[in-house]
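Chemist: Right, I'll just put the structure down here and ask away after.
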Amino acid sequence: MKNLIFIATIVGLMTGCKTDFRGTIETIKSFTVNTTEDGAQAVPVGTYKSKVSVDSKGVAKVKVYVDGDDDDNAIVFKMNVKKLQNTEFIPAAELGQAADLNARLTKSKTQSEIMEKSVQCQKGPIYQTVCGTNAQGQVICKQVFVGYAYGNQWVRYYEVYEWTDLAGVLYQPGTQNTYARVNGRGLTDRQEYHISTSPCW
């Protein structure tokens with residue numbers, strides 16, 4: 001669930017594409033969710049891995065892995081977390097599940113090591129000489145563009161990653177009784193910066 005919340009907010013922070021987040025949910029008190037396939041199902045007490053996929057409409061599909069990494073036994077449910085773009089609190093009636101959500105999102109950046117790779121490059125245009133005879137019997141030639149020549153070059157670069165972290169609590173509706181604490185992290189942007197490039201060969 002935690003990831004689910006965190007992801008939803010990301011919808012507003014990102015570009016509107018589907019984004020996956022991974023984290024954990026620590027259930028303090030068992031609570032019931034409406035699953036996508038199995039109806040009402042209880043999330044048991046314990047700490048579990050979770051995966052949340054949020055679409056461009058702010059709908060989060062949450063997987064709680066109550067049995068290791070087994071997808072078949074995961075609890076799967078949806079939440080409407082679009083409001084996290086503008087507020088830290090979503091009541092149960094708007095969340096679409098029997099829990100209130102209070103969550104805070106923070107952004108951070110990390111940088112990779114300097115890396116190298118070979119990339120395709122454009123060496124220049126290719127021309128072909130085409131000749132013909134005019135009405136006076138003279139041979140006339142001209143250069144005709146036929147395409148580009150491509151090669152490869154080495155690039156030294158690094159990447160900068162933007163992350164969004166979530167810290168949230170799910171409460172019994174209308175109370176301060178904690179159901180679960182949620183934590184999650186998702187990659188919301190990645191940019192590549194070139195330091196140097198070799199000649200195109």
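Residue numbers start at 1 in each chain; chains themselves are named A, B, ... in the order of the structure tokens; ligands are numbered from 1 in the order shown.
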DSSP on the backbone, then: every residue of segment 51-95 of chain A marked alpha helix (DSSP H), written as a ChimeraX atom specification.
Modeler: /A:92-95
Chemist: May I have the residues within 6 Å of segment 17-24 of chain A as a list of chain:residue names, using only C-alpha atoms and disregarding those fewer than 5 positions away in the same chain?
Modeler: A:Asn3, A:Tyr48, A:Lys49, A:Ser50, A:Lys51, A:Val52, A:Ser53, A:Val54, A:Asp55, A:Ser56, A:Asn183, A:Gly184, A:Arg185, A:Gly186
Chemist: Find the spatial neighbours of Asn177 of chain A, counting only C-alpha atoms, within a cut-off of 10 Å - ignore same-chain residues fewer than 5 positions away - and output them as a list in words.
Modeler: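 Answer for this query is Ile28, Lys29, Val169, Leu170, Tyr171 and Gln172 of chain A.
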Chemist: Would you mind listing what lies within 10 Å of Ala92 of chain A as a short mmCIF file (atom, residue, chain, number, x, y, z; two decimals) with all heavy atoms, in the first residue's frame, with only C-alpha atoms counted and same-chain residues fewer than 3 positions away left out?
Modeler:
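That gives us out.cif:
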```
data_model
loop_
_atom_site.label_atom_id
_atom_site.label_comp_id
_atom_site.auth_asym_id
_atom_site.auth_seq_id
_atom_site.Cartn_x
_atom_site.Cartn_y
_atom_site.Cartn_z
N MET A 79 -6.06 1.91 -5.51
CA MET A 79 -6.38 3.10 -4.74
C MET A 79 -6.33 4.32 -5.64
O MET A 79 -5.54 4.39 -6.58
CB MET A 79 -5.39 3.28 -3.59
CG MET A 79 -5.54 2.31 -2.45
SD MET A 79 -4.43 2.76 -1.09
CE MET A 79 -5.07 1.75 0.22
N ASN A 80 -7.16 5.28 -5.31
CA ASN A 80 -7.16 6.56 -6.04
C ASN A 80 -6.29 7.54 -5.26
O ASN A 80 -6.71 8.10 -4.25
CB ASN A 80 -8.58 7.10 -6.18
CG ASN A 80 -8.61 8.39 -6.98
OD1 ASN A 80 -7.59 8.86 -7.47
ND2 ASN A 80 -9.78 8.97 -7.10
N PHE A 89 -3.26 14.36 2.84
CA PHE A 89 -4.30 13.53 3.45
C PHE A 89 -5.37 13.16 2.44
O PHE A 89 -5.87 14.02 1.70
CB PHE A 89 -4.94 14.26 4.63
CG PHE A 89 -6.05 13.47 5.29
CD1 PHE A 89 -5.75 12.40 6.13
CD2 PHE A 89 -7.38 13.78 5.06
CE1 PHE A 89 -6.76 11.66 6.73
CE2 PHE A 89 -8.40 13.04 5.65
CZ PHE A 89 -8.08 11.98 6.50
N LEU A 95 -10.10 7.67 -1.22
CA LEU A 95 -9.03 6.72 -1.51
C LEU A 95 -9.57 5.47 -2.20
O LEU A 95 -8.88 4.83 -2.99
CB LEU A 95 -8.31 6.34 -0.22
CG LEU A 95 -6.96 5.64 -0.33
CD1 LEU A 95 -5.92 6.54 -0.97
CD2 LEU A 95 -6.49 5.17 1.04
N GLY A 96 -10.83 5.13 -1.86
CA GLY A 96 -11.44 3.94 -2.47
C GLY A 96 -11.16 2.67 -1.70
O GLY A 96 -11.43 1.57 -2.19
N GLN A 97 -10.62 2.79 -0.48
CA GLN A 97 -10.37 1.65 0.39
C GLN A 97 -10.77 2.03 1.80
O GLN A 97 -10.94 3.22 2.12
CB GLN A 97 -8.90 1.22 0.34
CG GLN A 97 -8.45 0.67 -0.98
CD GLN A 97 -9.03 -0.69 -1.31
OE1 GLN A 97 -9.58 -1.38 -0.45
NE2 GLN A 97 -8.94 -1.09 -2.58
N ALA A 98 -10.91 1.04 2.69
CA ALA A 98 -11.37 1.29 4.05
C ALA A 98 -10.22 1.73 4.94
O ALA A 98 -9.90 1.10 5.96
CB ALA A 98 -12.04 0.03 4.61
N ALA A 99 -9.57 2.84 4.55
CA ALA A 99 -8.47 3.40 5.34
C ALA A 99 -8.25 4.84 4.92
O ALA A 99 -8.43 5.20 3.76
CB ALA A 99 -7.19 2.59 5.15
N ASP A 100 -7.90 5.69 5.90
CA ASP A 100 -7.45 7.05 5.60
C ASP A 100 -5.95 7.01 5.37
O ASP A 100 -5.23 6.20 5.98
CB ASP A 100 -7.74 7.99 6.77
CG ASP A 100 -9.23 8.20 7.00
OD1 ASP A 100 -10.01 7.98 6.05
OD2 ASP A 100 -9.60 8.60 8.11
N LEU A 101 -5.48 7.88 4.53
CA LEU A 101 -4.05 7.93 4.23
C LEU A 101 -3.47 9.30 4.53
O LEU A 101 -4.03 10.32 4.12
CB LEU A 101 -3.81 7.60 2.76
CG LEU A 101 -2.39 7.88 2.24
CD1 LEU A 101 -1.39 6.95 2.92
CD2 LEU A 101 -2.34 7.70 0.74
N LEU A 170 -1.41 4.59 7.19
CA LEU A 170 -2.80 4.25 6.91
C LEU A 170 -3.52 4.09 8.25
O LEU A 170 -3.06 3.36 9.13
CB LEU A 170 -2.89 2.96 6.10
CG LEU A 170 -2.40 3.08 4.66
CD1 LEU A 170 -2.16 1.70 4.07
CD2 LEU A 170 -3.41 3.84 3.81
N TYR A 171 -4.63 4.82 8.37
CA TYR A 171 -5.37 4.83 9.63
C TYR A 171 -6.75 4.20 9.47
O TYR A 171 -7.32 4.19 8.37
CB TYR A 171 -5.59 6.27 10.11
CG TYR A 171 -4.34 7.02 10.47
CD1 TYR A 171 -3.80 7.95 9.59
CD2 TYR A 171 -3.73 6.83 11.71
CE1 TYR A 171 -2.66 8.66 9.92
CE2 TYR A 171 -2.58 7.55 12.05
CZ TYR A 171 -2.05 8.46 11.15
OH TYR A 171 -0.92 9.16 11.47
N GLN A 172 -7.27 3.73 10.60
CA GLN A 172 -8.67 3.37 10.64
C GLN A 172 -9.47 4.64 10.33
O GLN A 172 -9.17 5.70 10.89
CB GLN A 172 -9.05 2.83 12.02
CG GLN A 172 -10.49 2.40 12.14
CD GLN A 172 -10.80 1.87 13.54
OE1 GLN A 172 -9.89 1.61 14.33
NE2 GLN A 172 -12.08 1.68 13.84
N PRO A 173 -10.44 4.58 9.42
CA PRO A 173 -11.14 5.79 8.99
C PRO A 173 -11.69 6.62 10.15
O PRO A 173 -12.31 6.09 11.08
CB PRO A 173 -12.27 5.25 8.11
CG PRO A 173 -11.73 3.97 7.58
CD PRO A 173 -10.93 3.39 8.71
N GLY A 174 -11.40 7.92 10.10
CA GLY A 174 -11.93 8.85 11.09
C GLY A 174 -11.27 8.79 12.44
O GLY A 174 -11.74 9.42 13.40
#
```
Chemist: For Val64 of chain A, which residue out of A:Tyr157, A:Glu26, A:Gly39, A:Ile90 is the nearest one, using only C-alpha atoms?
Modeler: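 Ranked by minimum distance to Val64 of chain A, first place goes to A:Glu26.
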Chemist: Which is closer to Ile195 of chain A than all the others in A:Tyr150, A:Phe145, A:Tyr158, A:Phe77, using only C-alpha atoms?
Modeler: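 Smallest separation from Ile195 of chain A among the options: A:Tyr158.
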Chemist: Check the DSSP output for the backbone and give back, as a PyMOL selection string, the residues of segment 3-148 of chain A in strand (DSSP E).
Modeler: chain A and resi 19-27+31-34+40-43+46-54+59-65+75-80+89-90+100-111+115-133+139-148
Chemist: Excluding same-chain residues fewer than 6 positions from Thr129 of chain A, what lies within 8 Å of it counting only C-alpha atoms, as JSON, numbers by chain?
Modeler: {"A": [141, 142, 143, 144]}
Chemist: Based on the selection just made, write C-alpha atoms of those residues as a compact mmCIF listing (two decimals), in the first residue's frame.
Modeler:
```txt
# COMPACT_ATOMS: atom_id res chain seq x y z
CA CYS A 141 27.73 15.42 -64.50
CA LYS A 142 26.36 16.46 -61.14
CA GLN A 143 26.55 15.39 -57.49
CA VAL A 144 23.36 13.83 -56.14
```
Chemist: Rank A:Val182, A:Pro44, A:Thr35, A:Lys83 by their smallest atom-to-atom distance to Lys61 of chain A, using only C-alpha atoms, and report the top residue only.
Modeler: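 That would be A:Thr35, the residue with the smallest distance to Lys61 of chain A.
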Chemist: How far is it from atom CA of Glu113 of chain A to atom CA of Thr188 of chain A, in Å with one decimal?
Modeler: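 Between atom CA of Glu113 of chain A and atom CA of Thr188 of chain A the gap is 19.2 Å.
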Chemist: Tyr148 of chain A: which residues within 10 Å, counting only C-alpha atoms, same-chain residues fewer than 5 positions away excluded, as a list in words?
Modeler: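 The filter keeps Gln122, Lys123, Gly124, Pro125, Ile126 and Tyr127 of chain A.
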